[in-house]
file query28.pdb (PDB, C-alpha atoms, pLDDT in the B column)
ATOM      1  CA  MET T   1     -19.824   5.137  11.936  1.00 66.00           C
ATOM      2  CA  ASP T   2     -18.575   2.709   9.274  1.00 75.00           C
ATOM      3  CA  GLN T   3     -14.882   2.359   8.431  1.00 81.00           C
ATOM      4  CA  PHE T   4     -12.370  -0.183   7.106  1.00 84.00           C
ATOM      5  CA  TRP T   5      -9.166  -0.905   9.050  1.00 90.00           C
ATOM      6  CA  ALA T   6      -6.499  -2.103   6.606  1.00 94.00           C
ATOM      7  CA  ASP T   7      -3.034  -3.666   6.959  1.00 96.00           C
ATOM      8  CA  ALA T   8      -3.182  -3.887  10.742  1.00 96.00           C
ATOM      9  CA  VAL T   9       0.013  -4.637  12.669  1.00 98.00           C
ATOM     10  CA  PHE T  10      -0.434  -5.868  16.254  1.00 98.00           C
ATOM     11  CA  LEU T  11       2.495  -5.857  18.715  1.00 98.00           C
ATOM     12  CA  HIS T  12       1.738  -6.977  22.286  1.00 98.00           C
ATOM     13  CA  TRP T  13       3.714  -7.178  25.532  1.00 98.00           C
ATOM     14  CA  ARG T  14       2.711  -8.732  28.837  1.00 98.00           C
ATOM     15  CA  ILE T  15       2.329  -6.216  31.639  1.00 97.00           C
ATOM     16  CA  ASP T  16       1.291  -6.398  35.269  1.00 96.00           C
ATOM     17  CA  ALA T  17      -2.336  -5.430  35.840  1.00 95.00           C
ATOM     18  CA  GLY T  18      -1.333  -3.241  38.771  1.00 94.00           C
ATOM     19  CA  ALA T  19       0.862  -1.137  36.485  1.00 94.00           C
ATOM     20  CA  VAL T  20      -2.027  -0.204  34.194  1.00 96.00           C
ATOM     21  CA  ALA T  21      -4.946   0.073  36.620  1.00 97.00           C
ATOM     22  CA  ARG T  22      -4.538   3.880  36.748  1.00 96.00           C
ATOM     23  CA  TYR T  23      -5.358   4.110  33.043  1.00 97.00           C
ATOM     24  CA  MET T  24      -8.768   2.481  33.487  1.00 97.00           C
ATOM     25  CA  PRO T  25     -11.901   4.660  33.537  1.00 96.00           C
ATOM     26  CA  PRO T  26     -13.933   4.663  36.780  1.00 96.00           C
ATOM     27  CA  GLY T  27     -15.691   1.344  37.275  1.00 97.00           C
ATOM     28  CA  VAL T  28     -13.424  -0.489  34.810  1.00 97.00           C
ATOM     29  CA  VAL T  29     -10.585  -2.878  35.698  1.00 98.00           C
ATOM     30  CA  PRO T  30      -7.705  -4.350  33.659  1.00 98.00           C
ATOM     31  CA  ASP T  31      -8.664  -7.521  31.836  1.00 97.00           C
ATOM     32  CA  GLU T  32      -6.292 -10.473  31.809  1.00 96.00           C
ATOM     33  CA  VAL T  33      -5.541 -12.891  28.984  1.00 96.00           C
ATOM     34  CA  ASP T  34      -3.367 -15.961  29.480  1.00 96.00           C
ATOM     35  CA  GLY T  35      -2.646 -14.979  33.081  1.00 94.00           C
ATOM     36  CA  SER T  36      -1.621 -11.334  32.587  1.00 96.00           C
ATOM     37  CA  SER T  37      -2.628  -7.949  31.278  1.00 97.00           C
ATOM     38  CA  TRP T  38      -1.292  -6.766  27.934  1.00 98.00           C
ATOM     39  CA  VAL T  39      -0.338  -3.527  26.246  1.00 98.00           C
ATOM     40  CA  GLY T  40      -0.627  -3.248  22.494  1.00 98.00           C
ATOM     41  CA  LEU T  41       1.050  -1.052  19.904  1.00 98.00           C
ATOM     42  CA  ILE T  42      -1.246  -1.155  16.877  1.00 98.00           C
ATOM     43  CA  GLY T  43      -0.935   0.481  13.452  1.00 97.00           C
ATOM     44  CA  PHE T  44      -3.394   0.445  10.562  1.00 95.00           C
ATOM     45  CA  ARG T  45      -4.769   2.477   7.664  1.00 93.00           C
ATOM     46  CA  MET T  46      -8.247   3.953   8.120  1.00 88.00           C
ATOM     47  CA  ILE T  47     -10.186   3.740   4.859  1.00 85.00           C
ATOM     48  CA  GLY T  48     -13.573   5.216   4.064  1.00 65.00           C
ATOM     49  CA  ALA T  49     -14.713   6.366   7.510  1.00 60.00           C
ATOM     50  CA  GLY T  50     -18.197   7.879   7.373  1.00 52.00           C
ATOM     51  CA  LEU T  51     -21.315   8.380   9.453  1.00 56.00           C
ATOM     52  CA  GLY T  52     -23.743   5.495   9.444  1.00 52.00           C
ATOM     53  CA  LYS T  53     -23.790   3.463   6.257  1.00 55.00           C
ATOM     54  CA  GLY T  54     -23.540   6.543   4.059  1.00 52.00           C
ATOM     55  CA  LEU T  55     -20.717   7.632   1.821  1.00 51.00           C
ATOM     56  CA  PRO T  56     -17.208   7.973   3.329  1.00 46.00           C
ATOM     57  CA  VAL T  57     -16.145  11.468   4.301  1.00 48.00           C
ATOM     58  CA  PRO T  58     -13.773  12.686   1.552  1.00 43.00           C
ATOM     59  CA  TYR T  59     -10.154  13.217   2.661  1.00 40.00           C
ATOM     60  CA  PHE T  60     -10.944  13.163   6.393  1.00 45.00           C
ATOM     61  CA  GLY T  61     -12.164   9.565   6.227  1.00 57.00           C
ATOM     62  CA  PHE T  62      -8.771   8.308   5.046  1.00 78.00           C
ATOM     63  CA  PHE T  63      -5.721   8.414   7.322  1.00 86.00           C
ATOM     64  CA  THR T  64      -3.118   6.388   9.220  1.00 93.00           C
ATOM     65  CA  GLU T  65      -3.548   5.615  12.929  1.00 94.00           C
ATOM     66  CA  ILE T  66      -1.165   4.178  15.513  1.00 96.00           C
ATOM     67  CA  ASN T  67      -2.541   3.499  18.982  1.00 96.00           C
ATOM     68  CA  VAL T  68      -1.359   2.304  22.369  1.00 98.00           C
ATOM     69  CA  ARG T  69      -4.089   0.270  24.006  1.00 98.00           C
ATOM     70  CA  LEU T  70      -4.848  -1.747  27.115  1.00 98.00           C
ATOM     71  CA  TYR T  71      -7.475  -4.411  27.783  1.00 98.00           C
ATOM     72  CA  SER T  72     -10.437  -3.758  30.022  1.00 98.00           C
ATOM     73  CA  ARG T  73     -13.408  -5.351  31.747  1.00 97.00           C
ATOM     74  CA  GLY T  74     -16.437  -3.272  32.664  1.00 96.00           C
ATOM     75  CA  PRO T  75     -18.627  -3.532  35.768  1.00 93.00           C
ATOM     76  CA  ASP T  76     -21.093  -5.652  33.759  1.00 92.00           C
ATOM     77  CA  GLY T  77     -18.308  -8.015  32.659  1.00 94.00           C
ATOM     78  CA  THR T  78     -18.093  -6.624  29.124  1.00 94.00           C
ATOM     79  CA  ARG T  79     -14.567  -6.912  27.717  1.00 95.00           C
ATOM     80  CA  GLY T  80     -13.068  -4.098  25.672  1.00 96.00           C
ATOM     81  CA  VAL T  81     -10.057  -1.889  25.151  1.00 96.00           C
ATOM     82  CA  VAL T  82      -8.901   1.357  26.707  1.00 97.00           C
ATOM     83  CA  PHE T  83      -6.922   3.644  24.431  1.00 95.00           C
ATOM     84  CA  VAL T  84      -4.016   5.356  26.163  1.00 96.00           C
ATOM     85  CA  THR T  85      -3.084   7.344  23.051  1.00 96.00           C
ATOM     86  CA  LEU T  86      -4.067   7.340  19.377  1.00 94.00           C
ATOM     87  CA  ASP T  87      -1.778   9.082  16.897  1.00 95.00           C
ATOM     88  CA  ALA T  88      -3.414  10.211  13.652  1.00 92.00           C
ATOM     89  CA  SER T  89      -2.500  12.347  10.675  1.00 87.00           C
ATOM     90  CA  ARG T  90      -5.770  14.308  10.303  1.00 82.00           C
ATOM     91  CA  LEU T  91      -6.039  17.341  12.591  1.00 82.00           C
ATOM     92  CA  ALA T  92      -9.815  17.675  12.184  1.00 77.00           C
ATOM     93  CA  VAL T  93     -10.275  14.040  13.221  1.00 78.00           C
ATOM     94  CA  VAL T  94      -7.998  14.540  16.231  1.00 84.00           C
ATOM     95  CA  LEU T  95      -9.887  17.628  17.432  1.00 84.00           C
ATOM     96  CA  ALA T  96     -13.307  16.021  16.991  1.00 79.00           C
ATOM     97  CA  ALA T  97     -12.249  12.839  18.811  1.00 79.00           C
ATOM     98  CA  ARG T  98     -10.648  14.735  21.702  1.00 83.00           C
ATOM     99  CA  ALA T  99     -13.877  16.690  22.142  1.00 81.00           C
ATOM    100  CA  GLY T 100     -15.551  13.314  22.673  1.00 77.00           C
ATOM    101  CA  GLY T 101     -13.026  12.178  25.272  1.00 80.00           C
ATOM    102  CA  ILE T 102     -10.871   9.984  23.001  1.00 85.00           C
ATOM    103  CA  PRO T 103      -7.122  10.736  23.532  1.00 90.00           C
ATOM    104  CA  TYR T 104      -6.034  11.385  19.938  1.00 91.00           C
ATOM    105  CA  VAL T 105      -2.695  13.071  19.189  1.00 93.00           C
ATOM    106  CA  TRP T 106      -1.910  14.924  15.955  1.00 91.00           C
ATOM    107  CA  SER T 107       1.181  13.369  14.387  1.00 95.00           C
ATOM    108  CA  ARG T 108       2.885  12.718  11.089  1.00 95.00           C
ATOM    109  CA  CYS T 109       1.858   9.105  10.464  1.00 95.00           C
ATOM    110  CA  SER T 110       2.522   7.010   7.395  1.00 95.00           C
ATOM    111  CA  PRO T 111       2.554   3.343   6.360  1.00 96.00           C
ATOM    112  CA  SER T 112       5.852   1.797   5.289  1.00 94.00           C
ATOM    113  CA  THR T 113       5.470  -1.209   2.996  1.00 91.00           C
ATOM    114  CA  ARG T 114       8.359  -2.848   1.197  1.00 90.00           C
ATOM    115  CA  GLY T 115       9.251  -6.096  -0.547  1.00 89.00           C
ATOM    116  CA  ASN T 116       7.148  -8.472  -2.588  1.00 85.00           C
ATOM    117  CA  GLY T 117       5.423 -11.820  -2.205  1.00 78.00           C
ATOM    118  CA  GLY T 118       6.408 -13.781   0.872  1.00 76.00           C
ATOM    119  CA  ARG T 119       9.061 -11.194   1.742  1.00 88.00           C
ATOM    120  CA  ARG T 120       6.600  -8.296   1.864  1.00 94.00           C
ATOM    121  CA  GLU T 121       6.786  -6.221   5.053  1.00 97.00           C
ATOM    122  CA  TYR T 122       4.166  -3.928   6.564  1.00 97.00           C
ATOM    123  CA  GLY T 123       4.986  -1.202   9.041  1.00 98.00           C
ATOM    124  CA  TYR T 124       4.253   2.284  10.315  1.00 98.00           C
ATOM    125  CA  ASP T 125       6.166   5.457  11.087  1.00 97.00           C
ATOM    126  CA  VAL T 126       4.912   8.166  13.438  1.00 97.00           C
ATOM    127  CA  VAL T 127       6.496  11.397  14.650  1.00 96.00           C
ATOM    128  CA  ARG T 128       4.526  13.667  16.948  1.00 95.00           C
ATOM    129  CA  TYR T 129       4.645  17.353  16.161  1.00 87.00           C
ATOM    130  CA  GLY T 130       7.321  19.036  18.246  1.00 81.00           C
ATOM    131  CA  ARG T 131       9.122  15.649  18.172  1.00 77.00           C
ATOM    132  CA  GLN T 132       7.604  14.771  21.536  1.00 87.00           C
ATOM    133  CA  ALA T 133       7.727  11.077  20.667  1.00 96.00           C
ATOM    134  CA  ALA T 134       8.242   8.826  17.657  1.00 97.00           C
ATOM    135  CA  SER T 135       7.834   5.198  16.656  1.00 98.00           C
ATOM    136  CA  ARG T 136       8.847   2.985  13.761  1.00 98.00           C
ATOM    137  CA  PHE T 137       7.932  -0.687  13.462  1.00 98.00           C
ATOM    138  CA  ALA T 138       7.465  -3.324  10.772  1.00 98.00           C
ATOM    139  CA  VAL T 139       6.583  -7.003  10.445  1.00 98.00           C
ATOM    140  CA  ARG T 140       6.729  -9.733   7.807  1.00 97.00           C
ATOM    141  CA  PRO T 141       3.510 -11.799   7.910  1.00 97.00           C
ATOM    142  CA  ASP T 142       3.443 -15.499   7.194  1.00 96.00           C
ATOM    143  CA  GLN T 143       1.012 -15.345   4.281  1.00 91.00           C
ATOM    144  CA  GLY T 144       0.395 -19.093   4.366  1.00 92.00           C
ATOM    145  CA  ALA T 145      -0.554 -19.368   8.036  1.00 96.00           C
ATOM    146  CA  THR T 146      -3.483 -18.419  10.276  1.00 96.00           C
ATOM    147  CA  ALA T 147      -3.126 -17.356  13.914  1.00 96.00           C
ATOM    148  CA  ALA T 148      -6.016 -19.283  15.435  1.00 91.00           C
ATOM    149  CA  ASP T 149      -4.636 -19.737  18.968  1.00 94.00           C
ATOM    150  CA  THR T 150      -6.637 -18.439  21.933  1.00 94.00           C
ATOM    151  CA  LEU T 151      -4.176 -15.671  22.815  1.00 96.00           C
ATOM    152  CA  SER T 152      -4.164 -14.161  19.318  1.00 96.00           C
ATOM    153  CA  LEU T 153      -7.933 -14.272  19.066  1.00 93.00           C
ATOM    154  CA  GLU T 154      -8.581 -12.758  22.482  1.00 93.00           C
ATOM    155  CA  LEU T 155      -6.145  -9.885  21.894  1.00 94.00           C
ATOM    156  CA  THR T 156      -7.701  -8.955  18.548  1.00 92.00           C
ATOM    157  CA  ALA T 157     -11.387  -9.887  18.911  1.00 87.00           C
ATOM    158  CA  ARG T 158     -12.428  -6.924  21.051  1.00 88.00           C
ATOM    159  CA  PHE T 159     -15.806  -5.523  20.161  1.00 88.00           C
ATOM    160  CA  GLY T 160     -15.882  -2.184  21.922  1.00 93.00           C
ATOM    161  CA  LEU T 161     -13.992   0.344  23.989  1.00 94.00           C
ATOM    162  CA  HIS T 162     -14.291   1.885  27.426  1.00 96.00           C
ATOM    163  CA  SER T 163     -13.898   5.639  27.640  1.00 94.00           C
ATOM    164  CA  THR T 164     -14.670   8.563  29.932  1.00 93.00           C
ATOM    165  CA  PHE T 165     -16.911  11.486  29.018  1.00 90.00           C
ATOM    166  CA  GLY T 166     -17.561  13.989  31.760  1.00 88.00           C
ATOM    167  CA  ARG T 167     -18.368  12.054  34.921  1.00 91.00           C
ATOM    168  CA  ARG T 168     -19.546   8.989  33.034  1.00 95.00           C
ATOM    169  CA  THR T 169     -17.773   5.856  31.858  1.00 96.00           C
ATOM    170  CA  LEU T 170     -19.017   4.773  28.454  1.00 95.00           C
ATOM    171  CA  TYR T 171     -18.847   1.537  26.508  1.00 96.00           C
ATOM    172  CA  ILE T 172     -18.828   2.130  22.745  1.00 93.00           C
ATOM    173  CA  PRO T 173     -19.581  -1.096  20.829  1.00 94.00           C
ATOM    174  CA  ASN T 174     -17.727  -1.947  17.632  1.00 88.00           C
ATOM    175  CA  THR T 175     -19.100  -4.612  15.293  1.00 84.00           C
ATOM    176  CA  HIS T 176     -16.908  -6.503  12.862  1.00 83.00           C
ATOM    177  CA  THR T 177     -16.220 -10.011  11.679  1.00 80.00           C
ATOM    178  CA  PRO T 178     -13.281 -11.765  13.371  1.00 81.00           C
ATOM    179  CA  TRP T 179      -9.948 -10.406  12.183  1.00 87.00           C
ATOM    180  CA  PRO T 180      -8.258 -12.642   9.580  1.00 92.00           C
ATOM    181  CA  VAL T 181      -5.053 -12.846  11.626  1.00 96.00           C
ATOM    182  CA  ARG T 182      -1.661 -14.149  10.502  1.00 97.00           C
ATOM    183  CA  PRO T 183       1.427 -14.771  12.620  1.00 98.00           C
ATOM    184  CA  ALA T 184       4.258 -12.401  11.731  1.00 98.00           C
ATOM    185  CA  THR T 185       7.944 -11.832  12.327  1.00 98.00           C
ATOM    186  CA  LEU T 186       9.104  -8.535  13.775  1.00 98.00           C
ATOM    187  CA  THR T 187      11.614  -6.953  11.370  1.00 97.00           C
ATOM    188  CA  GLU T 188      11.965  -3.476  12.896  1.00 97.00           C
ATOM    189  CA  LEU T 189      11.093  -1.771  16.170  1.00 98.00           C
ATOM    190  CA  ASP T 190      12.187   1.615  17.466  1.00 97.00           C
ATOM    191  CA  ASP T 191       9.344   2.786  19.681  1.00 97.00           C
ATOM    192  CA  GLY T 192       8.908   5.776  21.949  1.00 97.00           C
ATOM    193  CA  LEU T 193       5.109   5.834  22.218  1.00 97.00           C
ATOM    194  CA  LEU T 194       4.835   3.331  25.070  1.00 98.00           C
ATOM    195  CA  ALA T 195       7.390   5.209  27.175  1.00 96.00           C
ATOM    196  CA  ALA T 196       5.712   8.528  26.336  1.00 96.00           C
ATOM    197  CA  ALA T 197       2.472   7.060  27.687  1.00 95.00           C
ATOM    198  CA  GLY T 198       4.235   6.110  30.928  1.00 96.00           C
ATOM    199  CA  ILE T 199       4.238   2.380  30.181  1.00 97.00           C
ATOM    200  CA  GLN T 200       7.483   0.437  30.519  1.00 95.00           C
ATOM    201  CA  VAL T 201       8.064  -2.886  28.754  1.00 96.00           C
ATOM    202  CA  GLU T 202      11.135  -5.073  28.427  1.00 91.00           C
ATOM    203  CA  GLY T 203      12.401  -6.854  25.354  1.00 95.00           C
ATOM    204  CA  PRO T 204      10.580  -7.579  22.102  1.00 97.00           C
ATOM    205  CA  PRO T 205       6.800  -8.111  21.965  1.00 98.00           C
ATOM    206  CA  GLU T 206       5.616 -11.604  22.836  1.00 98.00           C
ATOM    207  CA  SER T 207       2.797 -11.517  20.287  1.00 98.00           C
ATOM    208  CA  VAL T 208       3.380 -10.253  16.708  1.00 98.00           C
ATOM    209  CA  LEU T 209       0.409 -10.405  14.322  1.00 98.00           C
ATOM    210  CA  PHE T 210      -0.797  -8.988  11.023  1.00 98.00           C
ATOM    211  CA  SER T 211      -4.214  -8.699   9.401  1.00 96.00           C
ATOM    212  CA  PRO T 212      -5.185  -7.437   5.933  1.00 95.00           C
ATOM    213  CA  GLY T 213      -8.161  -5.789   7.615  1.00 93.00           C
ATOM    214  CA  VAL T 214     -11.856  -5.780   8.492  1.00 91.00           C
ATOM    215  CA  GLN T 215     -14.926  -3.618   7.889  1.00 88.00           C
ATOM    216  CA  THR T 216     -16.205  -2.190  11.165  1.00 86.00           C
ATOM    217  CA  GLN T 217     -19.078  -0.163  12.544  1.00 85.00           C
ATOM    218  CA  PHE T 218     -19.253   1.752  15.809  1.00 82.00           C
ATOM    219  CA  GLY T 219     -22.598   1.776  17.606  1.00 87.00           C
ATOM    220  CA  ARG T 220     -24.273   4.030  20.148  1.00 90.00           C
ATOM    221  CA  PRO T 221     -22.377   4.518  23.434  1.00 92.00           C
ATOM    222  CA  ARG T 222     -23.979   3.341  26.645  1.00 94.00           C
ATOM    223  CA  VAL T 223     -23.226   4.448  30.195  1.00 96.00           C
ATOM    224  CA  VAL T 224     -21.720   1.697  32.370  1.00 95.00           C
ATOM    225  CA  HIS T 225     -20.651   3.788  35.375  1.00 94.00           C
ATOM    226  CA  ARG T 226     -21.389   7.234  36.849  1.00 94.00           C
ATOM    227  CA  SER T 227     -18.924   8.963  39.160  1.00 86.00           C
TER     228      SER T 227
END

call {"tool": "encode", "arguments": {"input": "query28.pdb", "output": "structure tokens"}}
result
Amino acid sequence: MDQFWADAVFLHWRIDAGAVARYMPPGVVPDEVDGSSWVGLIGFRMIGAGLGKGLPVPYFGFFTEINVRLYSRGPDGTRGVVFVTLDASRLAVVLAARAGGIPYVWSRCSPSTRGNGGRREYGYDVVRYGRQAASRFAVRPDQGATAADTLSLELTARFGLHSTFGRRTLYIPNTHTPWPVRPATLTELDDGLLAAAGIQVEGPPESVLFSPGVQTQFGRPRVVHRS
């Protein structure tokens, strides 16, 4: 499945590995970067999602997604992410993904971009139907800088996800070039998605990043653990 992830905003907080171990699929443990586990609040625009290298699926291949994710290490040492929730604005996509064991939530999601030039801000708004939870966040990227430090690269350069389907833990590879990542300044944050997922953080995110996007392709899942 090919797709382009555009205008990605990455907010990350340190979190104790013991606090997130219960979210890991069987056989998978929390990964640690720079001495701790991390939880991420990530927003981006999905563009041109389609099966294989064929044409994008009209309408359904274009939507906004906001996800809460953790970092994982499989029994074979493979590093990935575990999605706690993924909010998306396309009901058909949500239903199809949930049938495959991916925890999508149907929400009103939209990008919020304002300003021009070096003052341009990128953000996302999400409200779950029934107003179960909501989030609003925005950043101002430093357009003249590159985030090339180890922490930024290890939090963004994840090439697959761990998920559960039936009694099996799967690793689903995702191929893409390294994110072109820029440091950013947080300009707005009013989040309820982390708390709704049962994850508590304190203060502002330690890592704030932005990327204009990458082209990606998901590969065939492989079983890494059987319960």

call {"tool": "residues_around", "arguments": {"input": "query28.pdb", "residues": "Val126 (chain T)", "least_positions_apart": "6", "cutoff": "9 Å", "atoms": "all atoms listed in the file", "output": "list in words"}}
result
Glu65, Ile66, Asp87, Ala88, Ser89, Ser107, Arg108, Cys109, Ser110, Pro111, Ala133, Ala134, Ser135 and Arg136 of chain T

call {"tool": "write_last_selection", "arguments": {"input": "query28.pdb", "atoms": "C-alpha atoms", "output": "short mmCIF file (atom, residue, chain, number, x, y, z; two decimals), keeping the file's coordinate frame"}}
result
data_model
loop_
_atom_site.label_atom_id
_atom_site.label_comp_id
_atom_site.auth_asym_id
_atom_site.auth_seq_id
_atom_site.Cartn_x
_atom_site.Cartn_y
_atom_site.Cartn_z
CA GLU T 65 -3.55 5.62 12.93
CA ILE T 66 -1.16 4.18 15.51
CA ASP T 87 -1.78 9.08 16.90
CA ALA T 88 -3.41 10.21 13.65
CA SER T 89 -2.50 12.35 10.68
CA SER T 107 1.18 13.37 14.39
CA ARG T 108 2.88 12.72 11.09
CA CYS T 109 1.86 9.10 10.46
CA SER T 110 2.52 7.01 7.40
CA PRO T 111 2.55 3.34 6.36
CA ALA T 133 7.73 11.08 20.67
CA ALA T 134 8.24 8.83 17.66
CA SER T 135 7.83 5.20 16.66
CA ARG T 136 8.85 2.98 13.76
#

call {"tool": "resolve_selection", "arguments": {"input": "query28.pdb", "expression": "the PyMOL selection byres ((chain T and resi 77) around 12)", "output": "list of chain:residue names"}}
result
T:Gly27, T:Val28, T:Val29, T:Pro30, T:Asp31, T:Ser72, T:Arg73, T:Gly74, T:Pro75, T:Asp76, T:Thr78, T:Arg79, T:Gly80, T:His162, T:Tyr171, T:Val224

call {"tool": "residues_near_point", "arguments": {"input": "query28.pdb", "point": "(1.0, 8.4, 20.1)", "cutoff": "7 Å", "atoms": "all atoms listed in the file", "output": "compact mmCIF listing (two decimals) with C-alpha atoms, in the coordinates of the input"}}
result
# COMPACT_ATOMS: atom_id res chain seq x y z
CA ILE T 66 -1.16 4.18 15.51
CA ASN T 67 -2.54 3.50 18.98
CA VAL T 68 -1.36 2.30 22.37
CA THR T 85 -3.08 7.34 23.05
CA LEU T 86 -4.07 7.34 19.38
CA ASP T 87 -1.78 9.08 16.90
CA VAL T 105 -2.70 13.07 19.19
CA LEU T 193 5.11 5.83 22.22

call {"tool": "atom_distance", "arguments": {"input": "query28.pdb", "atom1": "CA of Asp2 (chain T)", "atom2": "CA of Thr216 (chain T)"}}
result
5.8 Å

call {"tool": "resolve_selection", "arguments": {"input": "query28.pdb", "expression": "the PyMOL selection byres ((chain T and resi 91) around 10)", "output": "PyMOL selection string"}}
result
chain T and resi 60+88-90+92-97+104-107

call {"tool": "resolve_selection", "arguments": {"input": "query28.pdb", "expression": "the PyMOL selection byres ((chain T and resi 172) around 8)", "output": "list in words"}}
result
Gly160, Leu161, His162, Ser163, Leu170, Tyr171, Pro173, Asn174, Phe218, Gly219, Arg220, Pro221 and Arg222 of chain T

call {"tool": "closest_residue", "arguments": {"input": "query28.pdb", "among": "T:Tyr23, T:Gly101, T:Ser37, T:Arg14", "to": "Thr164 (chain T)", "atoms": "all atoms listed in the file"}}
result
T:Gly101

call {"tool": "build_atoms", "arguments": {"input": "query28.pdb", "residues": "region 221-227 of chain T", "atoms": "all heavy atoms", "output": "short mmCIF file (atom, residue, chain, number, x, y, z; two decimals), in the frame of the given file"}}
result
data_model
loop_
_atom_site.label_atom_id
_atom_site.label_comp_id
_atom_site.auth_asym_id
_atom_site.auth_seq_id
_atom_site.Cartn_x
_atom_site.Cartn_y
_atom_site.Cartn_z
N PRO T 221 -22.97 4.72 22.11
CA PRO T 221 -22.38 4.52 23.43
C PRO T 221 -23.46 4.26 24.48
O PRO T 221 -24.60 4.72 24.35
CB PRO T 221 -21.67 5.85 23.71
CG PRO T 221 -21.53 6.52 22.38
CD PRO T 221 -22.70 6.08 21.58
N ARG T 222 -23.08 3.51 25.51
CA ARG T 222 -23.98 3.34 26.64
C ARG T 222 -23.20 3.57 27.93
O ARG T 222 -22.01 3.25 28.03
CB ARG T 222 -24.64 1.97 26.64
CG ARG T 222 -23.70 0.78 26.65
CD ARG T 222 -24.48 -0.52 26.56
NE ARG T 222 -23.64 -1.69 26.40
CZ ARG T 222 -23.09 -2.36 27.40
NH1 ARG T 222 -23.29 -1.97 28.65
NH2 ARG T 222 -22.33 -3.42 27.17
N VAL T 223 -23.85 4.13 28.92
CA VAL T 223 -23.23 4.45 30.20
C VAL T 223 -23.12 3.17 31.02
O VAL T 223 -24.11 2.44 31.20
CB VAL T 223 -24.04 5.51 30.96
CG1 VAL T 223 -23.40 5.77 32.32
CG2 VAL T 223 -24.12 6.80 30.15
N VAL T 224 -21.90 2.88 31.53
CA VAL T 224 -21.72 1.70 32.37
C VAL T 224 -21.33 2.08 33.80
O VAL T 224 -21.33 1.21 34.68
CB VAL T 224 -20.65 0.75 31.77
CG1 VAL T 224 -21.10 0.23 30.42
CG2 VAL T 224 -19.30 1.46 31.64
N HIS T 225 -21.01 3.35 34.02
CA HIS T 225 -20.65 3.79 35.38
C HIS T 225 -20.79 5.30 35.46
O HIS T 225 -20.45 6.02 34.51
CB HIS T 225 -19.21 3.38 35.71
CG HIS T 225 -18.78 3.77 37.08
ND1 HIS T 225 -19.07 3.01 38.19
CD2 HIS T 225 -18.10 4.85 37.55
CE1 HIS T 225 -18.56 3.58 39.27
NE2 HIS T 225 -17.97 4.71 38.91
N ARG T 226 -21.30 5.79 36.59
CA ARG T 226 -21.39 7.23 36.85
C ARG T 226 -20.58 7.56 38.10
O ARG T 226 -20.73 6.90 39.12
CB ARG T 226 -22.85 7.68 37.03
CG ARG T 226 -23.71 7.46 35.80
CD ARG T 226 -25.15 7.91 36.07
NE ARG T 226 -26.04 7.56 34.98
CZ ARG T 226 -26.26 8.34 33.93
NH1 ARG T 226 -25.67 9.53 33.86
NH2 ARG T 226 -27.09 7.96 32.96
N SER T 227 -19.74 8.57 38.01
CA SER T 227 -18.92 8.96 39.16
C SER T 227 -19.74 9.86 40.10
O SER T 227 -20.61 10.59 39.66
CB SER T 227 -17.69 9.72 38.69
OG SER T 227 -16.91 8.91 37.85
#
